[in-house]
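J.: Input file: coords_36.csv. Contents: CSV, C-alpha atoms.
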```
chain,number,residue,atom,x,y,z
A,1,MET,CA,33.1,-38.1,-0.2
A,2,SER,CA,34.0,-35.7,2.6
A,3,GLU,CA,32.6,-36.2,6.1
A,4,ILE,CA,30.7,-33.5,7.9
A,5,ALA,CA,32.5,-32.4,11.0
A,6,PRO,CA,30.5,-32.8,14.2
A,7,PRO,CA,29.3,-29.6,15.8
A,8,ASN,CA,31.7,-27.9,18.2
A,9,PRO,CA,30.0,-27.7,21.6
A,10,GLU,CA,31.7,-24.4,22.3
A,11,ASP,CA,30.4,-22.9,19.1
A,12,ALA,CA,26.9,-24.1,19.8
A,13,ALA,CA,27.0,-22.7,23.3
A,14,ALA,CA,28.2,-19.3,22.0
A,15,HIS,CA,25.5,-19.3,19.3
A,16,ALA,CA,22.8,-20.0,21.9
A,17,ALA,CA,24.1,-17.3,24.2
A,18,LYS,CA,24.2,-14.8,21.4
A,19,LYS,CA,20.6,-15.5,20.3
A,20,ALA,CA,19.4,-15.4,24.0
A,21,LYS,CA,20.9,-12.0,24.3
A,22,ILE,CA,19.2,-10.8,21.1
A,23,LYS,CA,15.9,-12.3,22.2
A,24,ALA,CA,16.1,-10.5,25.6
A,25,ALA,CA,16.8,-7.2,23.9
A,26,ARG,CA,13.9,-7.8,21.4
A,27,ASP,CA,11.5,-8.6,24.2
A,28,ARG,CA,12.4,-5.4,26.1
A,29,MET,CA,11.8,-3.4,23.0
A,30,MET,CA,8.5,-5.1,22.2
A,31,ALA,CA,7.3,-4.5,25.8
A,32,THR,CA,7.4,-0.7,25.1
A,33,ARG,CA,5.3,-1.0,21.9
A,34,THR,CA,1.8,-0.9,23.3
A,35,GLU,CA,0.0,1.8,21.3
A,36,GLU,CA,-2.4,0.7,18.5
A,37,LYS,CA,-3.6,3.2,15.9
A,38,GLY,CA,-4.7,3.4,12.3
A,39,LEU,CA,-1.7,4.2,10.1
A,40,VAL,CA,-1.2,6.5,7.1
A,41,ILE,CA,0.9,4.3,4.8
A,42,VAL,CA,2.7,5.7,1.7
A,43,LEU,CA,4.2,3.3,-0.9
A,44,THR,CA,6.1,5.3,-3.5
A,45,GLY,CA,9.3,5.2,-5.6
A,46,PRO,CA,10.1,4.2,-9.2
A,47,GLY,CA,10.3,0.5,-8.5
A,48,LYS,CA,7.6,-2.1,-9.1
A,49,GLY,CA,5.5,-3.4,-6.2
A,50,LYS,CA,3.7,-0.5,-4.7
A,51,SER,CA,0.1,-1.6,-5.6
A,52,SER,CA,1.1,-5.2,-5.2
A,53,SER,CA,2.2,-4.6,-1.6
A,54,ALA,CA,-0.9,-2.5,-0.9
A,55,PHE,CA,-3.3,-5.2,-2.1
A,56,GLY,CA,-1.4,-7.7,0.0
A,57,MET,CA,-2.3,-5.7,3.0
A,58,VAL,CA,-5.9,-5.5,1.9
A,59,LEU,CA,-6.0,-9.3,1.7
A,60,ARG,CA,-4.4,-9.6,5.1
A,61,SER,CA,-7.1,-7.3,6.5
A,62,LEU,CA,-9.8,-9.4,4.8
A,63,ALA,CA,-8.3,-12.6,6.3
A,64,HIS,CA,-9.0,-11.1,9.7
A,65,GLY,CA,-12.6,-10.3,8.7
A,66,PHE,CA,-12.0,-6.5,8.5
A,67,PRO,CA,-14.0,-4.6,6.0
A,68,CYS,CA,-11.9,-2.6,3.4
A,69,GLY,CA,-12.4,-0.1,0.7
A,70,VAL,CA,-10.4,0.5,-2.5
A,71,VAL,CA,-10.3,3.5,-4.8
A,72,GLN,CA,-8.3,3.3,-8.0
A,73,PHE,CA,-7.4,6.8,-9.2
A,74,ILE,CA,-5.6,6.3,-12.5
A,75,LYS,CA,-6.2,2.7,-13.7
A,76,GLY,CA,-9.3,2.5,-15.8
A,77,ALA,CA,-11.3,-0.3,-17.3
A,78,ARG,CA,-8.1,-2.4,-18.1
A,79,TYR,CA,-8.4,-5.9,-16.6
A,80,SER,CA,-6.7,-6.5,-13.2
A,81,GLY,CA,-6.7,-9.8,-11.3
A,82,GLU,CA,-6.9,-8.1,-7.9
A,83,ARG,CA,-10.1,-6.3,-8.8
A,84,ASP,CA,-11.8,-9.4,-10.1
A,85,LEU,CA,-10.7,-11.4,-7.0
A,86,LEU,CA,-11.8,-8.8,-4.5
A,87,THR,CA,-15.2,-8.0,-6.1
A,88,GLU,CA,-16.1,-11.6,-6.9
A,89,ARG,CA,-14.8,-13.4,-3.8
A,90,PHE,CA,-14.9,-10.7,-1.1
A,91,GLY,CA,-17.6,-8.3,-2.3
A,92,ASP,CA,-19.3,-8.5,1.0
A,93,LEU,CA,-16.2,-7.2,2.8
A,94,CYS,CA,-14.4,-5.0,0.2
A,95,ARG,CA,-16.0,-2.1,-1.6
A,96,PHE,CA,-13.9,-1.6,-4.8
A,97,HIS,CA,-14.2,1.6,-7.0
A,98,THR,CA,-12.3,2.1,-10.2
A,99,MET,CA,-12.6,5.9,-10.7
A,100,GLY,CA,-9.8,6.6,-13.1
A,101,GLU,CA,-10.1,6.4,-16.9
A,102,GLY,CA,-6.6,5.2,-17.7
A,103,PHE,CA,-3.1,6.7,-17.6
A,104,THR,CA,-2.8,10.4,-18.5
A,105,TRP,CA,-1.3,9.6,-21.9
A,106,GLU,CA,-4.3,7.6,-22.7
A,107,THR,CA,-7.0,10.2,-21.9
A,108,ARG,CA,-5.1,13.3,-23.0
A,109,ASP,CA,-7.9,15.4,-21.5
A,110,LEU,CA,-6.8,17.6,-18.5
A,111,GLU,CA,-10.3,18.5,-17.4
A,112,ARG,CA,-11.6,15.0,-17.7
A,113,ASP,CA,-8.6,13.7,-15.6
A,114,ARG,CA,-9.2,16.4,-13.0
A,115,ALA,CA,-12.9,15.5,-12.8
A,116,ALA,CA,-12.2,11.8,-12.5
A,117,ALA,CA,-9.6,12.5,-9.7
A,118,ALA,CA,-12.1,14.7,-7.9
A,119,ALA,CA,-14.8,12.0,-8.1
A,120,GLY,CA,-12.3,9.5,-6.8
A,121,TRP,CA,-11.4,11.7,-3.8
A,122,GLU,CA,-15.1,12.1,-2.9
A,123,LYS,CA,-15.5,8.4,-2.9
A,124,ALA,CA,-12.3,8.0,-0.9
A,125,LYS,CA,-13.5,10.4,1.8
A,126,GLU,CA,-16.8,8.5,2.0
A,127,LEU,CA,-14.9,5.2,2.6
A,128,ILE,CA,-12.5,6.7,5.1
A,129,ARG,CA,-15.2,8.3,7.1
A,130,ASP,CA,-17.1,5.0,7.4
A,131,PRO,CA,-15.8,3.6,10.7
A,132,ARG,CA,-16.6,0.0,9.6
A,133,ASN,CA,-13.7,0.1,7.2
A,134,ARG,CA,-10.5,-1.0,8.8
A,135,MET,CA,-8.3,-0.3,5.7
A,136,VAL,CA,-8.8,2.0,2.7
A,137,LEU,CA,-6.5,1.8,-0.2
A,138,LEU,CA,-6.1,4.9,-2.5
A,139,ASP,CA,-4.3,3.3,-5.4
A,140,GLU,CA,-2.2,5.6,-7.5
A,141,ILE,CA,-3.5,8.7,-5.7
A,142,ASN,CA,0.1,10.0,-5.7
A,143,ILE,CA,-0.1,10.3,-9.5
A,144,ALA,CA,-3.2,12.5,-9.2
A,145,LEU,CA,-1.4,14.6,-6.6
A,146,ARG,CA,1.8,14.8,-8.7
A,147,TYR,CA,-0.1,16.4,-11.6
A,148,ASP,CA,-2.1,18.6,-9.2
A,149,TYR,CA,-5.4,17.0,-10.2
A,150,LEU,CA,-6.0,17.1,-6.4
A,151,ASP,CA,-4.8,19.6,-3.8
A,152,VAL,CA,-2.3,17.8,-1.5
A,153,ASN,CA,-3.0,20.2,1.3
A,154,GLU,CA,-6.7,19.2,1.2
A,155,VAL,CA,-5.8,15.5,1.3
A,156,VAL,CA,-3.3,15.9,4.2
A,157,ALA,CA,-5.8,18.1,6.2
A,158,PHE,CA,-8.6,15.6,5.7
A,159,LEU,CA,-6.4,12.6,6.8
A,160,ALA,CA,-5.2,14.6,9.8
A,161,ALA,CA,-8.6,15.7,10.9
A,162,GLU,CA,-11.2,13.1,9.8
A,163,LYS,CA,-9.5,9.7,9.5
A,164,PRO,CA,-11.0,7.5,12.3
A,165,VAL,CA,-8.4,6.5,14.9
A,166,THR,CA,-8.4,2.8,14.0
A,167,THR,CA,-8.5,3.1,10.2
A,168,HIS,CA,-5.5,2.4,8.1
A,169,VAL,CA,-5.2,4.4,4.8
A,170,VAL,CA,-2.7,3.3,2.2
A,171,LEU,CA,-1.7,5.7,-0.6
A,172,THR,CA,0.4,4.4,-3.6
A,173,GLY,CA,2.1,5.8,-6.6
A,174,ARG,CA,5.4,7.4,-7.6
A,175,ASN,CA,6.6,10.8,-6.5
A,176,ALA,CA,4.7,11.1,-3.3
A,177,LYS,CA,4.5,14.7,-2.2
A,178,PRO,CA,6.6,15.9,0.7
A,179,GLU,CA,3.6,17.0,2.6
A,180,LEU,CA,2.1,13.5,2.5
A,181,ILE,CA,5.4,11.9,3.5
A,182,ALA,CA,5.6,14.2,6.5
A,183,LEU,CA,2.1,13.2,7.7
A,184,ALA,CA,2.6,9.5,7.1
A,185,ASP,CA,3.3,6.9,9.8
A,186,LEU,CA,5.0,4.5,7.4
A,187,VAL,CA,6.7,5.3,4.1
A,188,THR,CA,8.3,2.8,1.8
A,189,GLU,CA,10.2,3.8,-1.3
A,190,MET,CA,10.4,1.0,-4.0
A,191,THR,CA,13.8,1.2,-5.7
A,192,ALA,CA,14.1,0.1,-9.4
A,193,VAL,CA,17.1,-2.2,-9.7
A,194,LYS,CA,16.1,-4.4,-12.7
A,195,HIS,CA,12.8,-4.7,-14.7
A,196,PRO,CA,12.0,-7.2,-17.5
A,197,PHE,CA,10.3,-4.6,-19.6
A,198,ARG,CA,13.7,-3.1,-20.4
A,199,ALA,CA,14.6,-6.4,-21.8
A,200,GLY,CA,11.6,-6.5,-24.2
A,201,ILE,CA,9.4,-8.6,-22.0
A,202,LYS,CA,5.8,-7.5,-21.8
A,203,ALA,CA,3.6,-7.2,-18.7
A,204,GLN,CA,2.3,-10.6,-17.7
A,205,ALA,CA,-0.7,-11.9,-15.9
A,206,GLY,CA,-0.1,-12.7,-12.3
A,207,VAL,CA,2.9,-10.4,-12.1
A,208,GLU,CA,1.8,-7.0,-13.5
A,209,PHE,CA,-2.0,-7.4,-13.5
```
Written as structure tokens, how would this file's structure read?
T.:
Amino acid sequence: MSEIAPPNPEDAAAHAAKKAKIKAARDRMMATRTEEKGLVIVLTGPGKGKSSSAFGMVLRSLAHGFPCGVVQFIKGARYSGERDLLTERFGDLCRFHTMGEGFTWETRDLERDRAAAAAGWEKAKELIRDPRNRMVLLDEINIALRYDYLDVNEVVAFLAAEKPVTTHVVLTGRNAKPELIALADLVTEMTAVKHPFRAGIKAQAGVEF
């Protein structure tokens, strides 16, 4: 059995000095970050995790006692754990609206999809205008925008002009429009590296829904 060599005092001192230098630089940077504002957050890209990340932020907000709103634009009556959790356990703080009727290949009705998206956008504007809501999640709105069920210019203009200063708005879905990305304060693109579906593994509770 090999013995573990005792730490070298010179190495430990060099490590401590390096970390102290990093901390000092970090502290200087943090001292300049004093502004607080409601963010426009876009989660997009072909990888999994966009809605999951967004719902994580909703739960964080609820943990602070902040009221939130959720509008789901595409997902329909299909079961989802997050919807049941938020409506059953946090219904007093989170208003949850499923406005879509399923993915476009399920409805196959253009006018119906447009009408559902328009209704979802009206509900979204109502929630965003309400200054009590600290965060509003527009789940899969990027899909509605991609297929031109909604006018991206109208969405961008509304967010720029009417979103309350302290309200965060999170917009998810693949293929976010360039106009929306230009407006956003935070944009994250999920990259697809590996997915079990390609190996024949079905969507599973707790991971996908």
J.: What is the CA of Thr98 (chain A) to CA of Ala144 (chain A) distance in Å?
T.: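 CA of Ala144 (chain A) lies at a distance of 13.9 Å from CA of Thr98 (chain A).
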J.: Determine the nearest neighbour of His168 (chain A) from the options A:Lys50, A:Arg134, A:Lys23, A:Arg129, counting all atoms listed in the file.
T.: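 Answer, going by the shortest atom-to-atom distance: A:Arg134.
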J.: Given the choices A:Glu208, A:Glu154, A:Glu140, A:Asp109, which gets closest to Ala176 (chain A) if the distance is worked out from only C-alpha atoms?
T.: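 Answer, going by the shortest atom-to-atom distance: A:Glu140.
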J.: Point out the residue among A:Gly100, A:Glu111, A:Ile143, A:Gly81 with the least atom-to-atom distance to Val207 (chain A), counting all atoms listed in the file.
T.: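 With all atoms listed in the file as the atom set, the closest residue is A:Gly81.
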J.: Identify which of the residues A:Arg95, A:Lys177, A:Arg132, A:Lys123 lies closest to Asn153 (chain A), counting only C-alpha atoms when measuring atom-to-atom distances.
T.: A:Lys177
J.: Give me region 63-75 of chain A with N, CA and C atoms filled in, as a PDB file, keeping the file's coordinate frame.
T.:
```
ATOM      1  N   ALA A  63      -8.513 -11.269   5.593  1.00  0.00           N
ATOM      2  CA  ALA A  63      -8.300 -12.600   6.300  1.00  0.00           C
ATOM      3  C   ALA A  63      -8.705 -12.479   7.729  1.00  0.00           C
ATOM      4  N   HIS A  64      -8.602 -11.286   8.320  1.00  0.00           N
ATOM      5  CA  HIS A  64      -9.000 -11.100   9.700  1.00  0.00           C
ATOM      6  C   HIS A  64     -10.495 -10.718   9.821  1.00  0.00           C
ATOM      7  N   GLY A  65     -11.169 -10.650   8.667  1.00  0.00           N
ATOM      8  CA  GLY A  65     -12.600 -10.300   8.700  1.00  0.00           C
ATOM      9  C   GLY A  65     -12.841  -8.810   8.753  1.00  0.00           C
ATOM     10  N   PHE A  66     -11.811  -7.988   8.459  1.00  0.00           N
ATOM     11  CA  PHE A  66     -12.000  -6.500   8.500  1.00  0.00           C
ATOM     12  C   PHE A  66     -12.494  -5.995   7.204  1.00  0.00           C
ATOM     13  N   PRO A  67     -13.553  -5.210   7.190  1.00  0.00           N
ATOM     14  CA  PRO A  67     -14.000  -4.600   6.000  1.00  0.00           C
ATOM     15  C   PRO A  67     -12.985  -3.587   5.420  1.00  0.00           C
ATOM     16  N   CYS A  68     -12.900  -3.480   4.111  1.00  0.00           N
ATOM     17  CA  CYS A  68     -11.900  -2.600   3.400  1.00  0.00           C
ATOM     18  C   CYS A  68     -12.595  -1.853   2.302  1.00  0.00           C
ATOM     19  N   GLY A  69     -11.916  -0.814   1.847  1.00  0.00           N
ATOM     20  CA  GLY A  69     -12.400  -0.100   0.700  1.00  0.00           C
ATOM     21  C   GLY A  69     -11.167   0.177  -0.230  1.00  0.00           C
ATOM     22  N   VAL A  70     -11.405   0.208  -1.527  1.00  0.00           N
ATOM     23  CA  VAL A  70     -10.400   0.500  -2.500  1.00  0.00           C
ATOM     24  C   VAL A  70     -10.876   1.528  -3.495  1.00  0.00           C
ATOM     25  N   VAL A  71     -10.068   2.548  -3.755  1.00  0.00           N
ATOM     26  CA  VAL A  71     -10.300   3.500  -4.800  1.00  0.00           C
ATOM     27  C   VAL A  71      -9.137   3.542  -5.730  1.00  0.00           C
ATOM     28  N   GLN A  72      -9.332   3.246  -7.011  1.00  0.00           N
ATOM     29  CA  GLN A  72      -8.300   3.300  -8.000  1.00  0.00           C
ATOM     30  C   GLN A  72      -8.398   4.654  -8.746  1.00  0.00           C
ATOM     31  N   PHE A  73      -7.360   5.488  -8.653  1.00  0.00           N
ATOM     32  CA  PHE A  73      -7.400   6.800  -9.200  1.00  0.00           C
ATOM     33  C   PHE A  73      -7.039   6.942 -10.657  1.00  0.00           C
ATOM     34  N   ILE A  74      -6.142   6.113 -11.133  1.00  0.00           N
ATOM     35  CA  ILE A  74      -5.600   6.300 -12.500  1.00  0.00           C
ATOM     36  C   ILE A  74      -6.041   5.093 -13.367  1.00  0.00           C
ATOM     37  N   LYS A  75      -5.860   3.893 -12.873  1.00  0.00           N
ATOM     38  CA  LYS A  75      -6.200   2.700 -13.700  1.00  0.00           C
ATOM     39  C   LYS A  75      -7.642   2.706 -14.056  1.00  0.00           C
TER      40      LYS A  75
END
```
